[in-house]
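Okay, protein-v9.tsv is below, TSV, N, CA and C atoms:
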chain	number	residue	atom	x	y	z
O	1	MET	N	7.33	21.40	1.71
O	1	MET	CA	6.35	21.39	2.76
O	1	MET	C	5.14	20.55	2.37
O	2	LYS	N	4.67	20.67	1.12
O	2	LYS	CA	3.56	19.85	0.68
O	2	LYS	C	3.94	18.38	0.69
O	3	MET	N	5.22	18.09	0.43
O	3	MET	CA	5.68	16.71	0.43
O	3	MET	C	5.52	16.10	1.81
O	4	ILE	N	5.80	16.88	2.85
O	4	ILE	CA	5.64	16.38	4.21
O	4	ILE	C	4.18	16.03	4.45
O	5	GLY	N	3.28	16.87	3.98
O	5	GLY	CA	1.85	16.61	4.14
O	5	GLY	C	1.42	15.34	3.42
O	6	ILE	N	1.89	15.15	2.21
O	6	ILE	CA	1.54	13.95	1.45
O	6	ILE	C	2.13	12.73	2.12
O	7	ALA	N	3.39	12.81	2.55
O	7	ALA	CA	4.01	11.67	3.22
O	7	ALA	C	3.26	11.32	4.50
O	8	THR	N	2.81	12.32	5.23
O	8	THR	CA	2.06	12.08	6.47
O	8	THR	C	0.73	11.41	6.17
O	9	ILE	N	0.06	11.87	5.14
O	9	ILE	CA	-1.23	11.28	4.78
O	9	ILE	C	-1.03	9.85	4.31
O	10	LEU	N	-0.02	9.63	3.48
O	10	LEU	CA	0.23	8.27	3.02
O	10	LEU	C	0.57	7.35	4.19
O	11	ALA	N	1.37	7.85	5.12
O	11	ALA	CA	1.72	7.05	6.29
O	11	ALA	C	0.48	6.75	7.12
O	12	ALA	N	-0.45	7.69	7.16
O	12	ALA	CA	-1.69	7.48	7.92
O	12	ALA	C	-2.51	6.33	7.34
O	13	LEU	N	-2.33	6.06	6.06
O	13	LEU	CA	-3.03	4.94	5.45
O	13	LEU	C	-2.53	3.61	5.98
O	14	VAL	N	-1.26	3.55	6.35
O	14	VAL	CA	-0.69	2.30	6.81
O	14	VAL	C	-1.35	1.86	8.11
O	15	LEU	N	-1.62	2.78	9.01
O	15	LEU	CA	-2.21	2.45	10.30
O	15	LEU	C	-3.57	1.76	10.17
O	16	PRO	N	-4.52	2.32	9.42
O	16	PRO	CA	-5.80	1.61	9.31
O	16	PRO	C	-5.66	0.24	8.65
O	17	LEU	N	-4.76	0.12	7.69
O	17	LEU	CA	-4.59	-1.16	7.04
O	17	LEU	C	-4.06	-2.19	8.02
O	18	GLY	N	-3.10	-1.80	8.84
O	18	GLY	CA	-2.55	-2.71	9.83
O	18	GLY	C	-3.55	-3.03	10.93
O	19	LEU	N	-4.28	-2.02	11.36
O	19	LEU	CA	-5.27	-2.24	12.41
O	19	LEU	C	-6.38	-3.17	11.92
O	20	ASN	N	-6.76	-3.05	10.66
O	20	ASN	CA	-7.80	-3.91	10.16
O	20	ASN	C	-7.34	-5.36	10.14
O	21	ALA	N	-6.09	-5.59	9.78
O	21	ALA	CA	-5.58	-6.96	9.76
O	21	ALA	C	-5.64	-7.54	11.17
O	22	GLN	N	-5.28	-6.74	12.18
O	22	GLN	CA	-5.36	-7.21	13.55
O	22	GLN	C	-6.81	-7.37	13.98
O	23	GLY	N	-7.65	-6.43	13.57
O	23	GLY	CA	-9.06	-6.48	13.93
O	23	GLY	C	-9.76	-7.68	13.32
O	24	ASN	N	-9.38	-8.08	12.12
O	24	ASN	CA	-9.99	-9.24	11.49
O	24	ASN	C	-9.77	-10.50	12.31
O	25	ARG	N	-8.58	-10.65	12.88
O	25	ARG	CA	-8.31	-11.82	13.72
O	25	ARG	C	-9.25	-11.83	14.92
O	26	GLY	N	-9.43	-10.65	15.54
O	26	GLY	CA	-10.33	-10.56	16.68
O	26	GLY	C	-11.77	-10.83	16.28
O	27	ASP	N	-12.19	-10.31	15.12
O	27	ASP	CA	-13.54	-10.54	14.64
O	27	ASP	C	-13.78	-12.03	14.42
O	28	ARG	N	-12.79	-12.70	13.83
O	28	ARG	CA	-12.92	-14.13	13.57
O	28	ARG	C	-13.12	-14.88	14.89
O	29	ASP	N	-12.34	-14.51	15.91
O	29	ASP	CA	-12.46	-15.16	17.20
O	29	ASP	C	-13.84	-14.93	17.81
O	30	ARG	N	-14.36	-13.71	17.68
O	30	ARG	CA	-15.68	-13.41	18.24
O	30	ARG	C	-16.77	-14.20	17.53
O	31	HIS	N	-16.64	-14.30	16.18
O	31	HIS	CA	-17.65	-15.04	15.43
O	31	HIS	C	-17.61	-16.51	15.78
O	32	GLU	N	-16.42	-17.06	15.94
O	32	GLU	CA	-16.29	-18.46	16.27
O	32	GLU	C	-16.84	-18.75	17.65
O	33	SER	N	-16.73	-17.78	18.55
O	33	SER	CA	-17.20	-17.99	19.91
O	33	SER	C	-18.66	-17.56	20.08
O	34	GLY	N	-19.31	-17.21	18.98
O	34	GLY	CA	-20.72	-16.83	19.05
O	34	GLY	C	-20.93	-15.38	19.43
O	35	GLY	N	-19.90	-14.51	19.28
O	35	GLY	CA	-20.00	-13.09	19.62
O	35	GLY	C	-20.85	-12.34	18.62
O	36	ARG	N	-21.04	-11.04	18.87
O	36	ARG	CA	-21.90	-10.24	18.00
O	36	ARG	C	-21.21	-9.96	16.66
O	37	ASP	N	-21.98	-9.66	15.66
O	37	ASP	CA	-21.47	-9.39	14.31
O	37	ASP	C	-20.93	-7.97	14.24
O	38	ASP	N	-19.71	-7.82	13.73
O	38	ASP	CA	-19.08	-6.51	13.64
O	38	ASP	C	-19.02	-6.00	12.20
O	39	ARG	N	-19.88	-6.50	11.35
O	39	ARG	CA	-19.85	-6.09	9.94
O	39	ARG	C	-20.03	-4.59	9.78
O	40	ARG	N	-20.89	-4.00	10.59
O	40	ARG	CA	-21.12	-2.55	10.48
O	40	ARG	C	-19.84	-1.78	10.80
O	41	ASP	N	-19.10	-2.22	11.82
O	41	ASP	CA	-17.84	-1.58	12.17
O	41	ASP	C	-16.84	-1.71	11.03
O	42	GLN	N	-16.78	-2.88	10.41
O	42	GLN	CA	-15.87	-3.08	9.28
O	42	GLN	C	-16.25	-2.18	8.11
O	43	ASP	N	-17.55	-2.08	7.84
O	43	ASP	CA	-18.02	-1.21	6.76
O	43	ASP	C	-17.66	0.25	7.03
O	44	GLU	N	-17.81	0.69	8.28
O	44	GLU	CA	-17.45	2.06	8.63
O	44	GLU	C	-15.95	2.28	8.45
O	45	ARG	N	-15.16	1.32	8.88
O	45	ARG	CA	-13.70	1.42	8.74
O	45	ARG	C	-13.31	1.48	7.26
O	46	ARG	N	-13.94	0.65	6.46
O	46	ARG	CA	-13.65	0.65	5.03
O	46	ARG	C	-14.07	1.99	4.39
O	47	GLY	N	-15.16	2.55	4.86
O	47	GLY	CA	-15.60	3.84	4.37
O	47	GLY	C	-14.62	4.96	4.73
O	48	ARG	N	-14.08	4.90	5.94
O	48	ARG	CA	-13.08	5.90	6.35
O	48	ARG	C	-11.82	5.76	5.50
O	49	VAL	N	-11.40	4.53	5.26
O	49	VAL	CA	-10.21	4.30	4.43
O	49	VAL	C	-10.46	4.82	3.02
O	50	ALA	N	-11.65	4.59	2.47
O	50	ALA	CA	-11.97	5.10	1.14
O	50	ALA	C	-11.86	6.62	1.10
O	51	GLY	N	-12.33	7.29	2.14
O	51	GLY	CA	-12.23	8.74	2.21
O	51	GLY	C	-10.79	9.22	2.30
O	52	ILE	N	-9.98	8.52	3.08
O	52	ILE	CA	-8.57	8.88	3.21
O	52	ILE	C	-7.86	8.71	1.87
O	53	ILE	N	-8.12	7.60	1.22
O	53	ILE	CA	-7.48	7.35	-0.08
O	53	ILE	C	-7.89	8.40	-1.09
O	54	ALA	N	-9.17	8.72	-1.15
O	54	ALA	CA	-9.65	9.74	-2.10
O	54	ALA	C	-9.00	11.09	-1.82
O	55	ASP	N	-8.87	11.44	-0.54
O	55	ASP	CA	-8.24	12.70	-0.16
O	55	ASP	C	-6.76	12.70	-0.57
O	56	CYS	N	-6.07	11.61	-0.29
O	56	CYS	CA	-4.65	11.51	-0.66
O	56	CYS	C	-4.47	11.59	-2.17
O	57	GLU	N	-5.34	10.92	-2.89
O	57	GLU	CA	-5.24	10.92	-4.35
O	57	GLU	C	-5.44	12.33	-4.89
O	58	GLN	N	-6.42	13.06	-4.36
O	58	GLN	CA	-6.67	14.43	-4.79
O	58	GLN	C	-5.49	15.33	-4.44
O	59	ARG	N	-4.95	15.19	-3.25
O	59	ARG	CA	-3.81	16.01	-2.84
O	59	ARG	C	-2.57	15.69	-3.67
O	60	THR	N	-2.43	14.44	-4.05
O	60	THR	CA	-1.31	14.05	-4.91
O	60	THR	C	-1.43	14.73	-6.26
O	61	ASN	N	-2.63	14.76	-6.81
O	61	ASN	CA	-2.85	15.45	-8.09
O	61	ASN	C	-2.48	16.93	-7.98
O	62	GLU	N	-2.93	17.56	-6.90
O	62	GLU	CA	-2.62	18.98	-6.69
O	62	GLU	C	-1.12	19.20	-6.51
O	63	PHE	N	-0.48	18.31	-5.76
O	63	PHE	CA	0.96	18.39	-5.55
O	63	PHE	C	1.72	18.29	-6.87
O	64	THR	N	1.33	17.35	-7.72
O	64	THR	CA	2.02	17.14	-8.99
O	64	THR	C	1.92	18.39	-9.87
O	65	VAL	N	0.74	18.97	-9.94
O	65	VAL	CA	0.55	20.18	-10.75
O	65	VAL	C	1.39	21.33	-10.18
O	66	ALA	N	1.34	21.52	-8.86
O	66	ALA	CA	2.10	22.61	-8.23
O	66	ALA	C	3.60	22.39	-8.39
O	67	LEU	N	4.06	21.16	-8.23
O	67	LEU	CA	5.48	20.87	-8.37
O	67	LEU	C	5.96	21.21	-9.78
O	68	LYS	N	5.24	20.73	-10.79
O	68	LYS	CA	5.64	20.99	-12.18
O	68	LYS	C	5.65	22.49	-12.48
O	69	ARG	N	4.62	23.19	-12.01
O	69	ARG	CA	4.54	24.63	-12.24
O	69	ARG	C	5.71	25.35	-11.58
O	70	ASN	N	6.00	25.00	-10.34
O	70	ASN	CA	7.08	25.66	-9.62
O	70	ASN	C	8.46	25.29	-10.15
O	71	LEU	N	8.63	24.06	-10.58
O	71	LEU	CA	9.92	23.68	-11.17
O	71	LEU	C	10.19	24.44	-12.46
O	72	ASP	N	9.13	24.66	-13.24
O	72	ASP	CA	9.30	25.40	-14.50
O	72	ASP	C	9.71	26.85	-14.26
O	73	ARG	N	9.43	27.36	-13.08
O	73	ARG	CA	9.79	28.74	-12.73
O	73	ARG	C	11.06	28.81	-11.89
O	74	SER	N	11.72	27.68	-11.68
O	74	SER	CA	12.86	27.63	-10.77
O	74	SER	C	14.17	27.50	-11.54
O	75	PRO	N	15.29	27.65	-10.84
O	75	PRO	CA	16.60	27.42	-11.47
O	75	PRO	C	16.79	25.96	-11.91
O	76	LEU	N	15.94	25.08	-11.44
O	76	LEU	CA	16.04	23.67	-11.83
O	76	LEU	C	15.44	23.39	-13.21
O	77	ASP	N	14.76	24.38	-13.77
O	77	ASP	CA	14.11	24.20	-15.08
O	77	ASP	C	15.12	23.73	-16.12
O	78	GLY	N	14.79	22.61	-16.76
O	78	GLY	CA	15.65	22.08	-17.82
O	78	GLY	C	16.79	21.19	-17.33
O	79	THR	N	16.81	20.89	-16.03
O	79	THR	CA	17.90	20.07	-15.49
O	79	THR	C	17.44	18.61	-15.33
O	80	ARG	N	18.42	17.74	-15.12
O	80	ARG	CA	18.08	16.32	-14.86
O	80	ARG	C	17.34	16.18	-13.54
O	81	ARG	N	17.65	17.03	-12.60
O	81	ARG	CA	16.97	16.97	-11.31
O	81	ARG	C	15.48	17.27	-11.48
O	82	GLU	N	15.17	18.26	-12.31
O	82	GLU	CA	13.77	18.56	-12.60
O	82	GLU	C	13.09	17.37	-13.26
O	83	ASP	N	13.78	16.77	-14.23
O	83	ASP	CA	13.21	15.60	-14.90
O	83	ASP	C	12.93	14.47	-13.91
O	84	ARG	N	13.88	14.23	-13.00
O	84	ARG	CA	13.73	13.17	-12.01
O	84	ARG	C	12.55	13.48	-11.08
O	85	LEU	N	12.43	14.73	-10.64
O	85	LEU	CA	11.30	15.10	-9.78
O	85	LEU	C	9.97	14.95	-10.50
O	86	ASN	N	9.91	15.37	-11.75
O	86	ASN	CA	8.67	15.23	-12.51
O	86	ASN	C	8.32	13.76	-12.74
O	87	GLN	N	9.32	12.93	-13.01
O	87	GLN	CA	9.07	11.49	-13.20
O	87	GLN	C	8.56	10.87	-11.91
O	88	ASN	N	9.19	11.22	-10.79
O	88	ASN	CA	8.76	10.67	-9.51
O	88	ASN	C	7.37	11.16	-9.12
O	89	ALA	N	7.06	12.41	-9.43
O	89	ALA	CA	5.73	12.93	-9.14
O	89	ALA	C	4.68	12.20	-9.97
O	90	SER	N	5.00	11.94	-11.23
O	90	SER	CA	4.08	11.18	-12.08
O	90	SER	C	3.91	9.75	-11.57
O	91	LYS	N	5.01	9.17	-11.10
O	91	LYS	CA	4.96	7.82	-10.53
O	91	LYS	C	4.07	7.81	-9.28
O	92	LEU	N	4.21	8.82	-8.43
O	92	LEU	CA	3.38	8.93	-7.23
O	92	LEU	C	1.91	9.08	-7.62
O	93	GLU	N	1.65	9.96	-8.56
O	93	GLU	CA	0.26	10.18	-8.99
O	93	GLU	C	-0.34	8.90	-9.56
O	94	HIS	N	0.41	8.20	-10.38
O	94	HIS	CA	-0.06	6.95	-10.97
O	94	HIS	C	-0.31	5.89	-9.88
O	95	ALA	N	0.61	5.80	-8.92
O	95	ALA	CA	0.46	4.83	-7.83
O	95	ALA	C	-0.78	5.14	-7.00
O	96	MET	N	-1.04	6.40	-6.74
O	96	MET	CA	-2.24	6.76	-5.96
O	96	MET	C	-3.51	6.47	-6.76
O	97	ASN	N	-3.47	6.67	-8.07
O	97	ASN	CA	-4.62	6.31	-8.90
O	97	ASN	C	-4.88	4.81	-8.83
O	98	ARG	N	-3.82	4.02	-8.89
O	98	ARG	CA	-3.97	2.55	-8.80
O	98	ARG	C	-4.48	2.15	-7.43
O	99	LEU	N	-3.99	2.80	-6.39
O	99	LEU	CA	-4.47	2.51	-5.04
O	99	LEU	C	-5.96	2.80	-4.94
O	100	ARG	N	-6.36	3.97	-5.41
O	100	ARG	CA	-7.79	4.34	-5.39
O	100	ARG	C	-8.64	3.34	-6.17
O	101	ASP	N	-8.18	3.01	-7.37
O	101	ASP	CA	-8.94	2.07	-8.21
O	101	ASP	C	-9.03	0.69	-7.57
O	102	SER	N	-7.91	0.24	-7.00
O	102	SER	CA	-7.90	-1.06	-6.34
O	102	SER	C	-8.86	-1.08	-5.16
O	103	TRP	N	-8.79	-0.05	-4.33
O	103	TRP	CA	-9.66	0.00	-3.16
O	103	TRP	C	-11.12	0.08	-3.56
O	104	ASN	N	-11.43	0.91	-4.55
O	104	ASN	CA	-12.82	1.06	-4.98
O	104	ASN	C	-13.36	-0.22	-5.62
O	105	ALA	N	-12.48	-1.01	-6.23
O	105	ALA	CA	-12.91	-2.24	-6.91
O	105	ALA	C	-13.31	-3.33	-5.92
O	106	ASP	N	-12.50	-3.53	-4.88
O	106	ASP	CA	-12.78	-4.67	-4.02
O	106	ASP	C	-12.62	-4.42	-2.52
O	107	ARG	N	-12.17	-3.23	-2.13
O	107	ARG	CA	-12.00	-2.89	-0.72
O	107	ARG	C	-11.25	-3.97	0.06
O	108	ASP	N	-10.20	-4.46	-0.58
O	108	ASP	CA	-9.37	-5.50	0.01
O	108	ASP	C	-8.09	-4.86	0.56
O	109	PHE	N	-7.90	-4.97	1.87
O	109	PHE	CA	-6.76	-4.33	2.52
O	109	PHE	C	-5.42	-4.85	1.98
O	110	GLU	N	-5.31	-6.14	1.79
O	110	GLU	CA	-4.03	-6.72	1.36
O	110	GLU	C	-3.67	-6.30	-0.07
O	111	ARG	N	-4.61	-6.32	-0.98
O	111	ARG	CA	-4.33	-5.89	-2.35
O	111	ARG	C	-3.98	-4.41	-2.40
O	112	SER	N	-4.70	-3.61	-1.63
O	112	SER	CA	-4.44	-2.17	-1.61
O	112	SER	C	-3.11	-1.85	-0.96
O	113	ARG	N	-2.70	-2.65	-0.01
O	113	ARG	CA	-1.43	-2.42	0.68
O	113	ARG	C	-0.26	-2.45	-0.32
O	114	ARG	N	-0.32	-3.32	-1.29
O	114	ARG	CA	0.73	-3.41	-2.32
O	114	ARG	C	0.83	-2.08	-3.08
O	115	HIS	N	-0.29	-1.51	-3.45
O	115	HIS	CA	-0.30	-0.23	-4.17
O	115	HIS	C	0.15	0.91	-3.25
O	116	LEU	N	-0.20	0.81	-1.99
O	116	LEU	CA	0.24	1.82	-1.02
O	116	LEU	C	1.76	1.83	-0.91
O	117	ARG	N	2.37	0.65	-0.90
O	117	ARG	CA	3.84	0.57	-0.81
O	117	ARG	C	4.49	1.26	-2.00
O	118	VAL	N	3.93	1.08	-3.20
O	118	VAL	CA	4.48	1.73	-4.39
O	118	VAL	C	4.35	3.25	-4.26
O	119	ALA	N	3.22	3.72	-3.76
O	119	ALA	CA	3.01	5.16	-3.58
O	119	ALA	C	3.98	5.72	-2.55
O	120	LEU	N	4.16	5.02	-1.46
O	120	LEU	CA	5.11	5.47	-0.43
O	120	LEU	C	6.53	5.52	-0.98
O	121	SER	N	6.89	4.53	-1.77
O	121	SER	CA	8.22	4.50	-2.38
O	121	SER	C	8.42	5.70	-3.31
O	122	ALA	N	7.41	6.02	-4.10
O	122	ALA	CA	7.51	7.17	-4.99
O	122	ALA	C	7.65	8.46	-4.19
O	123	GLY	N	6.90	8.58	-3.11
O	123	GLY	CA	7.02	9.76	-2.25
O	123	GLY	C	8.40	9.87	-1.62
O	124	GLN	N	8.97	8.74	-1.23
O	124	GLN	CA	10.32	8.74	-0.67
O	124	GLN	C	11.34	9.15	-1.72
O	125	ASP	N	11.14	8.72	-2.97
O	125	ASP	CA	12.05	9.11	-4.05
O	125	ASP	C	12.02	10.63	-4.25
O	126	ILE	N	10.84	11.22	-4.20
O	126	ILE	CA	10.72	12.66	-4.33
O	126	ILE	C	11.43	13.34	-3.16
O	127	HIS	N	11.22	12.83	-1.98
O	127	HIS	CA	11.85	13.41	-0.80
O	127	HIS	C	13.38	13.37	-0.92
O	128	ARG	N	13.92	12.25	-1.34
O	128	ARG	CA	15.38	12.14	-1.49
O	128	ARG	C	15.90	13.10	-2.56
O	129	THR	N	15.19	13.22	-3.66
O	129	THR	CA	15.63	14.11	-4.74
O	129	THR	C	15.59	15.56	-4.30
O	130	MET	N	14.58	15.92	-3.53
O	130	MET	CA	14.48	17.32	-3.08
O	130	MET	C	15.54	17.59	-2.03

Full structure transcribed into structure tokens:
Amino acid sequence: MKMIGIATILAALVLPLGLNAQGNRGDRDRHESGGRDDRRDQDERRGRVAGIIADCEQRTNEFTVALKRNLDRSPLDGTRREDRLNQNASKLEHAMNRLRDSWNADRDFERSRRHLRVALSAGQDIHRTM
């Protein structure tokens, strides 16, 4: 159930990233035609994305701890499946840390999108294993 929540949150990150790419084209057209400056809107959007990423990263950390704790108490303890789930959870956590660090460093949608894809892939691996 927590996996569904994390997958939903990660998927929600894709929408703002895609919308920003489309919005940038419109902003460029407005600036070229002498339209008003939308820098404040872009800053607000980037701030919302930063909050979403921070929330996802925190939830990923909580998920990883809960998964490991629950696997240790389950019939899967000591199995290859447990090892695979723990490896994938660590991969997800690491990918979310890289996404957060990348976004905080330069707030570049395209660079962050690459890290988002890795995080989504790790989440999908966990989903398939479960």

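Every protein, DNA or RNA residue with an atom at most 8 Å from stretch 84-86 of chain O, where all atoms listed in the file count and chain neighbours fewer than 4 positions away do not, is listed here: O:Thr64, O:Leu67, O:Lys68, O:Thr79, O:Arg80, O:Ser90, O:Lys91, O:Leu92, O:Asp125, O:Ile126, O:Thr129, O:Met130.
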
Figure out the distance between atom CA of O:Glu93 and atom CA of O:Ala119, please, to one decimal in Å. 7.9 Å

Which of these residues is nearest to O:Ala89, using all atoms listed in the file: O:Asn104, O:Val65, O:Gly47, O:Leu76? O:Val65

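Restricting the calculation to only C-alpha atoms, the smallest distance between O:Ala122 and any of O:Arg100, O:Arg81, O:His94, O:Arg69 is found for O:His94.
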
I'd like the neighbourhood of O:Leu99 as a ChimeraX atom specification, where a residue qualifies if any of its atoms comes within 7 Å (using only C-alpha atoms), though same-chain residues fewer than 5 positions away should be ignored. /O:112,115-116

Students should find that atom N of O:Ser121 and atom CA of O:Asp41 are spaced 29.0 Å

If I take atom CA of O:Asn97 and atom CA of O:Phe109, how far is one from the other in Å, to one decimal?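 Those two atoms sit 15.8 Å apart.
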
Could you rebuild stretch 113-123 of chain O with all heavy atoms and give me the result as a short mmCIF file (atom, residue, chain, number, x, y, z; two decimals), in the coordinates of the input?
data_model
loop_
_atom_site.label_atom_id
_atom_site.label_comp_id
_atom_site.auth_asym_id
_atom_site.auth_seq_id
_atom_site.Cartn_x
_atom_site.Cartn_y
_atom_site.Cartn_z
N ARG O 113 -2.70 -2.65 -0.01
CA ARG O 113 -1.43 -2.42 0.68
C ARG O 113 -0.26 -2.45 -0.32
O ARG O 113 0.66 -1.66 -0.21
CB ARG O 113 -1.22 -3.48 1.76
CG ARG O 113 -0.03 -3.23 2.63
CD ARG O 113 0.09 -4.32 3.67
NE ARG O 113 -1.19 -4.54 4.30
CZ ARG O 113 -1.41 -4.48 5.61
NH1 ARG O 113 -0.41 -4.25 6.41
NH2 ARG O 113 -2.60 -4.68 6.11
N ARG O 114 -0.32 -3.32 -1.29
CA ARG O 114 0.73 -3.41 -2.32
C ARG O 114 0.83 -2.08 -3.08
O ARG O 114 1.92 -1.55 -3.29
CB ARG O 114 0.40 -4.55 -3.27
CG ARG O 114 1.40 -4.80 -4.35
CD ARG O 114 1.06 -6.05 -5.15
NE ARG O 114 -0.34 -6.45 -5.06
CZ ARG O 114 -1.18 -6.46 -6.08
NH1 ARG O 114 -0.78 -6.11 -7.27
NH2 ARG O 114 -2.44 -6.82 -5.92
N HIS O 115 -0.29 -1.51 -3.45
CA HIS O 115 -0.30 -0.23 -4.17
C HIS O 115 0.15 0.91 -3.25
O HIS O 115 0.81 1.85 -3.71
CB HIS O 115 -1.69 0.06 -4.74
CG HIS O 115 -2.13 -0.96 -5.74
ND1 HIS O 115 -1.51 -1.12 -6.96
CD2 HIS O 115 -3.13 -1.88 -5.70
CE1 HIS O 115 -2.10 -2.08 -7.63
NE2 HIS O 115 -3.08 -2.56 -6.88
N LEU O 116 -0.20 0.81 -1.99
CA LEU O 116 0.24 1.82 -1.02
C LEU O 116 1.76 1.83 -0.91
O LEU O 116 2.37 2.88 -0.86
CB LEU O 116 -0.40 1.55 0.34
CG LEU O 116 0.05 2.47 1.47
CD1 LEU O 116 -0.29 3.92 1.16
CD2 LEU O 116 -0.57 2.02 2.78
N ARG O 117 2.37 0.65 -0.90
CA ARG O 117 3.84 0.57 -0.81
C ARG O 117 4.49 1.26 -2.00
O ARG O 117 5.50 1.95 -1.85
CB ARG O 117 4.28 -0.88 -0.72
CG ARG O 117 4.05 -1.48 0.63
CD ARG O 117 4.65 -2.88 0.73
NE ARG O 117 4.21 -3.51 1.94
CZ ARG O 117 3.52 -4.64 1.99
NH1 ARG O 117 3.23 -5.28 0.88
NH2 ARG O 117 3.14 -5.14 3.14
N VAL O 118 3.93 1.08 -3.20
CA VAL O 118 4.48 1.73 -4.39
C VAL O 118 4.35 3.25 -4.26
O VAL O 118 5.29 3.98 -4.58
CB VAL O 118 3.76 1.22 -5.67
CG1 VAL O 118 4.20 2.01 -6.89
CG2 VAL O 118 4.02 -0.26 -5.87
N ALA O 119 3.22 3.72 -3.76
CA ALA O 119 3.01 5.16 -3.58
C ALA O 119 3.98 5.72 -2.55
O ALA O 119 4.58 6.79 -2.76
CB ALA O 119 1.57 5.45 -3.17
N LEU O 120 4.16 5.02 -1.46
CA LEU O 120 5.11 5.47 -0.43
C LEU O 120 6.53 5.52 -0.98
O LEU O 120 7.28 6.45 -0.71
CB LEU O 120 5.06 4.56 0.79
CG LEU O 120 3.82 4.73 1.67
CD1 LEU O 120 3.77 3.61 2.72
CD2 LEU O 120 3.80 6.08 2.33
N SER O 121 6.89 4.53 -1.77
CA SER O 121 8.22 4.50 -2.38
C SER O 121 8.42 5.70 -3.31
O SER O 121 9.48 6.33 -3.29
CB SER O 121 8.40 3.19 -3.15
OG SER O 121 9.62 3.18 -3.82
N ALA O 122 7.41 6.02 -4.10
CA ALA O 122 7.51 7.17 -4.99
C ALA O 122 7.65 8.46 -4.19
O ALA O 122 8.44 9.34 -4.55
CB ALA O 122 6.28 7.24 -5.90
N GLY O 123 6.90 8.58 -3.11
CA GLY O 123 7.02 9.76 -2.25
C GLY O 123 8.40 9.87 -1.62
O GLY O 123 8.96 10.97 -1.52
#
